[in-house]
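See structure below.
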Amino acid sequence: MNKIEFFTAGESHGPCLTGIIINFPSGIKISLDKINNELSRRQRGYGRGGRMKIENDKIIITSGFNSKNITTGAPVSFYIENLDFENWKNKKEHDITTPRPGHADIYGAIKYNEKNIRNIIERSSARETAVRVACGSFFKQYLEKEKIEFYSFVTGIGEYDFYKNKCDITEKEKQFLFKSEFGVFDKETEKIIKNTVDLAVKNKDSLGGRIRVIIKGVKTGLGSYVDFRERLEAKLGFAMLSIPSVKGINFGSMDYSYKTGRESHDRIISIRKNTVKHSSNNAGGITGGISTGENIWFDLFIKPVPTLMSPLETVEMFTGQKTLALKERADVWICPAAGVVAEAMAAYVIINEKNKI
């Protein structure tokens with residue numbers, strides 16, 4: 001099967017966001033409700049800004065489906081309306097020349113020789129990830145028949161760290177996680193996050209954090225060591241680092257590199273019918289570029305949101321005069337939403353690795 005690819009188009013405050021998926025198999029029943037639920041998950045989360053109160057993301061399919069929502073093998077195309085478009089028709093015409101520390105705006109303006117950094121802001125915005133989440137739901141639904149599942153949860157905010165080396169999820173934890181606007185498994189951790197985010201809001205500041213992704217149900221043998229481009233960590237790493245605000249990734253136990261081999265390596269306890277069982281999963285489910293058959297798990301490190309309600313110092317891009325950075329509506333903390341995007345990108349990698357077998 002040819003590699004499944006997807007493409008995104010659209011701007012943060014344009015009329016819509018557009019997605020195209022090519023080489024997606026025919027004959028696959030796709031639930032639009034599941035896609036829209038994933039889009040809703042991306043919009044939720046404590047600390048999200050006013051934009052998410054305006055948008056109500058829903059997918060509108062324009063090709064690649066028949067009347068029964070079964071894929072035809074033709075390219076799938078769809079769009080998601082930007083309801084905030086009407087509010088920004090005139091604002092988009094105003095030139096912006098005061099870049100934000102931590103944002104792509106000034107660097108994109110230099111690269112593309114733009115005089116108005118609004119043109120950079122519109123496409124570099126994380127709003128683009130709504131399309132990734134929709135595409136990811138296609139991939140997840142395809143992988144359901146293989147019993148492969150994707151989960152994400154928050155493992156840290158500020159000075160607080162949670163769920164050290166947790167690499168599996170119980171059914172009870174799943175139920176709590178899906179209802180939590182903080183992306184965690186218990187009320188005590190929710191309280192810590194709420195207080196931390198509330199303090200950032202009070203200080204007109206923003207936050208980053210740590211999230212973990214777990215992929216369950218992947219059998220031994222995805223990825224390869226024979227070509228550096230085929231190593232599974234490399235492919236997942238590329239996909240994760242393409243997500244706005246993700247600044248780092250760690251596979252498996254955070255203690256792995258601090259311990260000896262005797263202390264850290266996962267002992268093999270059985271091999272049966274090409275299924276390998278281990279005494280632990282410190283490696284994160286990948287060794288030598290190949291999936292081991294254990295849960296794949298990795299941590300992502302998320303930088304604080306660049307737009308602050310109490311702006312940082314910057315300089316005007318043409319005069320060089322000192323001023324304050326752009327201040328506009330923005331999130332304070334986005335980690336639960338970033339986790340949903342990470343699940344989608346992980347599904348993109350895994351579906352293509354499965355199709356090679």
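The way I read the labels, and the way they are meant: chains A, B, ... in the order of the structure tokens, residue 1 as the first residue of every chain, and ligand 1 as the first ligand shown, with later ones counted on from there.
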Residues of region 127-222 of chain A in strand (DSSP E), written as a list in words: Glu149, Phe150, Tyr151, Ser152, Phe153, Val154, Thr155, Gly156, Ile157, Tyr160, Asp161, Gly209, Arg210, Ile211, Arg212, Val213, Ile214, Ile215 and Lys216 of chain A
Writer output for current selection, N, CA and C atoms, as a CSV table (one decimal), in the first residue's frame:
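Saved file again18.csv follows:
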```csv
chain,number,residue,atom,x,y,z
A,149,GLU,N,-4.6,1.7,20.3
A,149,GLU,CA,-5.2,2.8,21.0
A,149,GLU,C,-4.2,3.9,21.4
A,150,PHE,N,-4.6,5.1,21.4
A,150,PHE,CA,-3.7,6.2,21.7
A,150,PHE,C,-4.3,7.0,22.9
A,151,TYR,N,-3.4,7.4,23.8
A,151,TYR,CA,-3.8,8.1,25.0
A,151,TYR,C,-2.7,9.2,25.3
A,152,SER,N,-3.2,10.3,25.8
A,152,SER,CA,-2.3,11.4,26.3
A,152,SER,C,-2.7,11.9,27.6
A,153,PHE,N,-1.8,12.3,28.4
A,153,PHE,CA,-2.2,12.9,29.7
A,153,PHE,C,-1.0,13.8,30.2
A,154,VAL,N,-1.3,14.7,31.1
A,154,VAL,CA,-0.4,15.7,31.6
A,154,VAL,C,0.5,15.0,32.7
A,155,THR,N,1.8,15.2,32.6
A,155,THR,CA,2.7,14.7,33.6
A,155,THR,C,3.5,15.8,34.3
A,156,GLY,N,3.2,17.1,34.0
A,156,GLY,CA,3.9,18.1,34.7
A,156,GLY,C,3.5,19.5,34.3
A,157,ILE,N,3.6,20.4,35.3
A,157,ILE,CA,3.3,21.8,35.1
A,157,ILE,C,4.1,22.6,36.1
A,160,TYR,N,5.9,21.1,39.3
A,160,TYR,CA,5.2,19.9,39.7
A,160,TYR,C,5.3,18.8,38.6
A,161,ASP,N,5.6,17.6,39.1
A,161,ASP,CA,5.6,16.4,38.2
A,161,ASP,C,4.7,15.4,38.7
A,209,GLY,N,4.6,22.9,30.1
A,209,GLY,CA,4.4,21.7,30.9
A,209,GLY,C,4.9,20.4,30.2
A,210,ARG,N,4.5,19.3,30.7
A,210,ARG,CA,4.9,18.0,30.2
A,210,ARG,C,3.7,17.1,29.9
A,211,ILE,N,3.7,16.4,28.8
A,211,ILE,CA,2.6,15.5,28.5
A,211,ILE,C,3.2,14.1,28.1
A,212,ARG,N,2.5,13.1,28.4
A,212,ARG,CA,2.9,11.7,28.0
A,212,ARG,C,1.9,11.1,27.0
A,213,VAL,N,2.4,10.5,26.0
A,213,VAL,CA,1.6,9.7,25.0
A,213,VAL,C,1.9,8.3,25.2
A,214,ILE,N,0.8,7.5,25.3
A,214,ILE,CA,0.9,6.0,25.3
A,214,ILE,C,0.2,5.4,24.1
A,215,ILE,N,0.9,4.5,23.4
A,215,ILE,CA,0.3,3.8,22.3
A,215,ILE,C,0.2,2.3,22.7
A,216,LYS,N,-1.0,1.9,22.8
A,216,LYS,CA,-1.3,0.5,23.3
A,216,LYS,C,-1.6,-0.4,22.1
```
So that I can check the surroundings of region 116-133 of chain A, please list as a PyMOL selection string every protein, DNA and RNA residue that reaches within 9 Å of it, counting only C-alpha atoms and ignoring chain neighbours fewer than 5 positions away. chain A and resi 6-14+17-19+35+38-39+42-43+57+59+78-80+92-99+103-109+138+243-245+338+340-345
Only N, CA and C atoms, please: the residues just picked out, written as a compact mmCIF listing (two decimals), in the first residue's frame.
```txt
# COMPACT_ATOMS: atom_id res chain seq x y z
N PHE A 6 -1.11 13.32 4.48
CA PHE A 6 -2.16 14.34 4.63
C PHE A 6 -1.53 15.72 4.52
N PHE A 7 -2.35 16.68 4.11
CA PHE A 7 -1.91 18.05 3.90
C PHE A 7 -2.91 18.99 4.57
N THR A 8 -2.40 20.08 5.10
CA THR A 8 -3.27 21.07 5.74
C THR A 8 -3.13 22.40 5.01
N ALA A 9 -4.20 23.17 5.01
CA ALA A 9 -4.18 24.52 4.46
C ALA A 9 -5.14 25.38 5.28
N GLY A 10 -4.96 26.69 5.17
CA GLY A 10 -5.83 27.59 5.89
C GLY A 10 -5.07 28.43 6.90
N GLU A 11 -5.74 29.47 7.36
CA GLU A 11 -5.14 30.41 8.30
C GLU A 11 -5.99 30.52 9.54
N SER A 12 -5.38 31.02 10.59
CA SER A 12 -6.05 31.07 11.89
C SER A 12 -7.38 31.80 11.83
N HIS A 13 -7.42 32.94 11.11
CA HIS A 13 -8.66 33.71 11.03
C HIS A 13 -9.18 33.82 9.61
N GLY A 14 -8.80 32.84 8.75
CA GLY A 14 -9.39 32.77 7.41
C GLY A 14 -10.77 32.15 7.48
N LEU A 17 -10.34 26.05 7.64
CA LEU A 17 -9.15 25.22 7.54
C LEU A 17 -9.49 24.04 6.63
N THR A 18 -8.52 23.61 5.83
CA THR A 18 -8.77 22.56 4.87
C THR A 18 -7.79 21.42 5.06
N GLY A 19 -8.28 20.18 4.90
CA GLY A 19 -7.42 19.01 4.97
C GLY A 19 -7.63 18.09 3.78
N ILE A 35 -14.78 11.86 14.80
CA ILE A 35 -13.89 12.95 14.38
C ILE A 35 -14.23 14.23 15.14
N GLU A 38 -13.06 14.21 18.67
CA GLU A 38 -11.63 14.51 18.78
C GLU A 38 -11.39 16.02 18.65
N LEU A 39 -12.10 16.66 17.74
CA LEU A 39 -11.97 18.11 17.60
C LEU A 39 -12.42 18.82 18.87
N ARG A 42 -9.73 18.61 21.51
CA ARG A 42 -8.67 19.59 21.27
C ARG A 42 -9.06 20.99 21.76
N GLN A 43 -10.33 21.32 21.68
CA GLN A 43 -10.78 22.64 22.10
C GLN A 43 -10.86 22.78 23.61
N ASP A 57 -15.75 23.45 16.42
CA ASP A 57 -15.15 22.76 15.29
C ASP A 57 -15.93 21.50 14.90
N ILE A 59 -16.27 18.80 11.29
CA ILE A 59 -15.70 18.47 9.98
C ILE A 59 -16.80 18.42 8.92
N PHE A 78 -11.75 17.78 3.18
CA PHE A 78 -12.73 18.30 4.14
C PHE A 78 -12.33 19.71 4.56
N TYR A 79 -13.24 20.39 5.23
CA TYR A 79 -12.89 21.69 5.81
C TYR A 79 -13.55 21.85 7.18
N ILE A 80 -12.99 22.75 7.95
CA ILE A 80 -13.50 23.12 9.27
C ILE A 80 -13.67 24.63 9.27
N LYS A 92 -7.47 41.98 10.29
CA LYS A 92 -6.38 41.37 9.55
C LYS A 92 -5.68 42.36 8.62
N GLU A 93 -6.35 43.48 8.31
CA GLU A 93 -5.76 44.46 7.41
C GLU A 93 -4.75 45.35 8.12
N HIS A 94 -4.76 45.37 9.44
CA HIS A 94 -3.88 46.26 10.19
C HIS A 94 -2.48 45.65 10.28
N ASP A 95 -1.49 46.44 9.91
CA ASP A 95 -0.11 45.95 9.97
C ASP A 95 0.34 45.76 11.41
N ILE A 96 1.06 44.69 11.66
CA ILE A 96 1.65 44.42 12.97
C ILE A 96 3.15 44.34 12.78
N THR A 97 3.87 45.13 13.55
CA THR A 97 5.33 45.20 13.39
C THR A 97 6.06 45.05 14.73
N THR A 98 5.35 44.55 15.74
CA THR A 98 5.98 44.35 17.06
C THR A 98 5.97 42.86 17.38
N PRO A 99 7.07 42.17 17.15
CA PRO A 99 7.12 40.72 17.33
C PRO A 99 7.06 40.29 18.79
N HIS A 103 7.71 33.56 19.76
CA HIS A 103 6.79 33.29 18.66
C HIS A 103 7.55 33.26 17.34
N ALA A 104 6.97 32.60 16.34
CA ALA A 104 7.61 32.49 15.03
C ALA A 104 7.52 33.77 14.20
N ASP A 105 6.75 34.76 14.66
CA ASP A 105 6.37 35.87 13.78
C ASP A 105 7.55 36.62 13.15
N ILE A 106 8.54 37.07 13.92
CA ILE A 106 9.62 37.86 13.35
C ILE A 106 10.53 37.00 12.48
N TYR A 107 10.76 35.75 12.86
CA TYR A 107 11.66 34.88 12.10
C TYR A 107 11.02 34.50 10.76
N GLY A 108 9.70 34.29 10.78
CA GLY A 108 8.99 34.03 9.53
C GLY A 108 8.97 35.26 8.63
N ALA A 109 8.83 36.44 9.23
CA ALA A 109 8.81 37.67 8.44
C ALA A 109 10.14 37.88 7.73
N PHE A 138 -9.19 9.82 11.44
CA PHE A 138 -9.27 8.83 10.35
C PHE A 138 -8.31 7.69 10.63
N ILE A 243 4.90 19.65 16.03
CA ILE A 243 3.76 20.26 16.70
C ILE A 243 4.19 21.58 17.33
N PRO A 244 3.46 22.67 17.08
CA PRO A 244 3.82 23.94 17.71
C PRO A 244 3.92 23.81 19.23
N SER A 245 4.93 24.42 19.81
CA SER A 245 5.20 24.47 21.26
C SER A 245 5.92 23.25 21.80
N ALA A 338 -2.52 19.93 23.42
CA ALA A 338 -1.32 19.46 22.73
C ALA A 338 -1.24 17.94 22.72
N VAL A 340 -3.77 15.88 22.53
CA VAL A 340 -4.69 15.37 21.50
C VAL A 340 -4.03 15.46 20.12
N VAL A 341 -3.32 16.56 19.87
CA VAL A 341 -2.59 16.70 18.60
C VAL A 341 -1.50 15.64 18.49
N ALA A 342 -0.81 15.38 19.60
CA ALA A 342 0.25 14.37 19.61
C ALA A 342 -0.30 12.98 19.31
N GLU A 343 -1.47 12.67 19.85
CA GLU A 343 -2.10 11.38 19.53
C GLU A 343 -2.34 11.26 18.03
N ALA A 344 -2.83 12.34 17.42
CA ALA A 344 -3.12 12.33 15.98
C ALA A 344 -1.85 12.10 15.17
N MET A 345 -0.77 12.78 15.55
CA MET A 345 0.48 12.63 14.80
C MET A 345 1.09 11.25 15.02
```
Can I get the residues of region 24-106 of chain A within 8 Å of region 329-337 of chain A, each with the closest pair of atoms and their distance in Å to one decimal, using only C-alpha atoms, sorted chain first then ascending number, as a tab-separated table?
```
residue	atom	partner	partner_atom	distance
A:Arg41	CA	A:Ala337	CA	6.9
A:Arg42	CA	A:Ala337	CA	4.5
A:Gln43	CA	A:Ala337	CA	6.6
A:Arg44	CA	A:Ala337	CA	6.8
A:Gly45	CA	A:Pro336	CA	5.8
A:Tyr46	CA	A:Trp333	CA	7.3
A:Gly47	CA	A:Trp333	CA	4.8
A:Arg48	CA	A:Asp331	CA	4.5
A:Gly49	CA	A:Asp331	CA	4.0
A:Gly50	CA	A:Arg329	CA	6.6
A:Arg51	CA	A:Arg329	CA	7.3
```
Do you have, as JSON lines, the list of residues of region 261-317 of chain A lying at most 10 Å from region 231-237 of chain A, each with its nearest atom pair and that distance in Å to one decimal, counting only C-alpha atoms and ordered by chain then number?
```
{"residue": "A:Gly284", "atom": "CA", "partner": "A:Glu233", "partner_atom": "CA", "distance": 9.7}
{"residue": "A:Gly285", "atom": "CA", "partner": "A:Glu233", "partner_atom": "CA", "distance": 9.8}
{"residue": "A:Ile286", "atom": "CA", "partner": "A:Glu233", "partner_atom": "CA", "distance": 7.2}
{"residue": "A:Thr287", "atom": "CA", "partner": "A:Glu233", "partner_atom": "CA", "distance": 8.8}
{"residue": "A:Gly288", "atom": "CA", "partner": "A:Arg231", "partner_atom": "CA", "distance": 7.5}
{"residue": "A:Gly289", "atom": "CA", "partner": "A:Arg231", "partner_atom": "CA", "distance": 4.1}
{"residue": "A:Ile290", "atom": "CA", "partner": "A:Leu232", "partner_atom": "CA", "distance": 6.0}
{"residue": "A:Ser291", "atom": "CA", "partner": "A:Leu232", "partner_atom": "CA", "distance": 7.3}
{"residue": "A:Ile296", "atom": "CA", "partner": "A:Glu233", "partner_atom": "CA", "distance": 9.9}
{"residue": "A:Phe298", "atom": "CA", "partner": "A:Leu236", "partner_atom": "CA", "distance": 9.5}
{"residue": "A:Leu300", "atom": "CA", "partner": "A:Gly237", "partner_atom": "CA", "distance": 9.7}
```
Let me see the file: selected residues, N, CA and C atoms, as a PDB file, in the first residue's frame.
```
ATOM      1  N   GLY A 284      10.467   2.345  26.737  1.00  0.00           N
ATOM      2  CA  GLY A 284       9.384   3.050  26.063  1.00  0.00           C
ATOM      3  C   GLY A 284       8.789   2.295  24.902  1.00  0.00           C
ATOM      4  N   GLY A 285       8.977   0.970  24.877  1.00  0.00           N
ATOM      5  CA  GLY A 285       8.351   0.161  23.839  1.00  0.00           C
ATOM      6  C   GLY A 285       9.074   0.146  22.514  1.00  0.00           C
ATOM      7  N   ILE A 286      10.288   0.721  22.461  1.00  0.00           N
ATOM      8  CA  ILE A 286      11.072   0.737  21.222  1.00  0.00           C
ATOM      9  C   ILE A 286      12.532   0.461  21.576  1.00  0.00           C
ATOM     10  N   THR A 287      13.156  -0.477  20.874  1.00  0.00           N
ATOM     11  CA  THR A 287      14.576  -0.754  21.042  1.00  0.00           C
ATOM     12  C   THR A 287      15.192  -1.005  19.670  1.00  0.00           C
ATOM     13  N   GLY A 288      16.324  -0.369  19.402  1.00  0.00           N
ATOM     14  CA  GLY A 288      16.981  -0.537  18.112  1.00  0.00           C
ATOM     15  C   GLY A 288      16.160  -0.026  16.950  1.00  0.00           C
ATOM     16  N   GLY A 289      15.269   0.918  17.207  1.00  0.00           N
ATOM     17  CA  GLY A 289      14.427   1.458  16.145  1.00  0.00           C
ATOM     18  C   GLY A 289      13.203   0.625  15.841  1.00  0.00           C
ATOM     19  N   ILE A 290      12.978  -0.454  16.617  1.00  0.00           N
ATOM     20  CA  ILE A 290      11.878  -1.386  16.351  1.00  0.00           C
ATOM     21  C   ILE A 290      10.977  -1.476  17.571  1.00  0.00           C
ATOM     22  N   SER A 291       9.673  -1.558  17.357  1.00  0.00           N
ATOM     23  CA  SER A 291       8.746  -1.734  18.474  1.00  0.00           C
ATOM     24  C   SER A 291       8.970  -3.085  19.131  1.00  0.00           C
ATOM     25  N   ILE A 296       4.144   1.603  23.648  1.00  0.00           N
ATOM     26  CA  ILE A 296       5.055   2.691  23.296  1.00  0.00           C
ATOM     27  C   ILE A 296       4.673   3.900  24.146  1.00  0.00           C
ATOM     28  N   PHE A 298       6.143   7.961  25.507  1.00  0.00           N
ATOM     29  CA  PHE A 298       7.150   9.016  25.462  1.00  0.00           C
ATOM     30  C   PHE A 298       6.568  10.294  26.059  1.00  0.00           C
ATOM     31  N   LEU A 300       6.572  14.567  26.120  1.00  0.00           N
ATOM     32  CA  LEU A 300       6.800  15.768  25.334  1.00  0.00           C
ATOM     33  C   LEU A 300       6.920  16.964  26.260  1.00  0.00           C
TER      34      LEU A 300
END
```
A:Leu199, A:Val226, A:Leu83, A:Val76: which is nearest Ala134 (chain A), counting only C-alpha atoms?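 Ranking A:Leu199, A:Val226, A:Leu83, A:Val76 by distance to Ala134 (chain A), first place goes to A:Val76.
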Pick the closest to Lys172 (chain A) from A:Asp186, A:Glu5, A:Glu316, A:Glu55: which is it, counting only C-alpha atoms?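 Closest to Lys172 (chain A) of all the choices is A:Asp186.
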Using DSSP secondary structure from the backbone, list all alpha helix (DSSP H) positions within region 201-354 of chain A, as number ranges by chain. A: 201-202, 232-241, 261-264, 335-354
Would you kindly return, as number ranges by chain, each protein, DNA or RNA residue with an atom no farther than 10 Å from any atom of Glu190 (chain A), considering only C-alpha atoms and excluding same-chain residues fewer than 5 positions away? A: 46, 180-185, 195-196
Could you state the separation of CA of Val305 (chain A) and CA of Asn250 (chain A) in Å, given to one decimal place?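 Going from CA of Val305 (chain A) over to CA of Asn250 (chain A) covers 20.9 Å.
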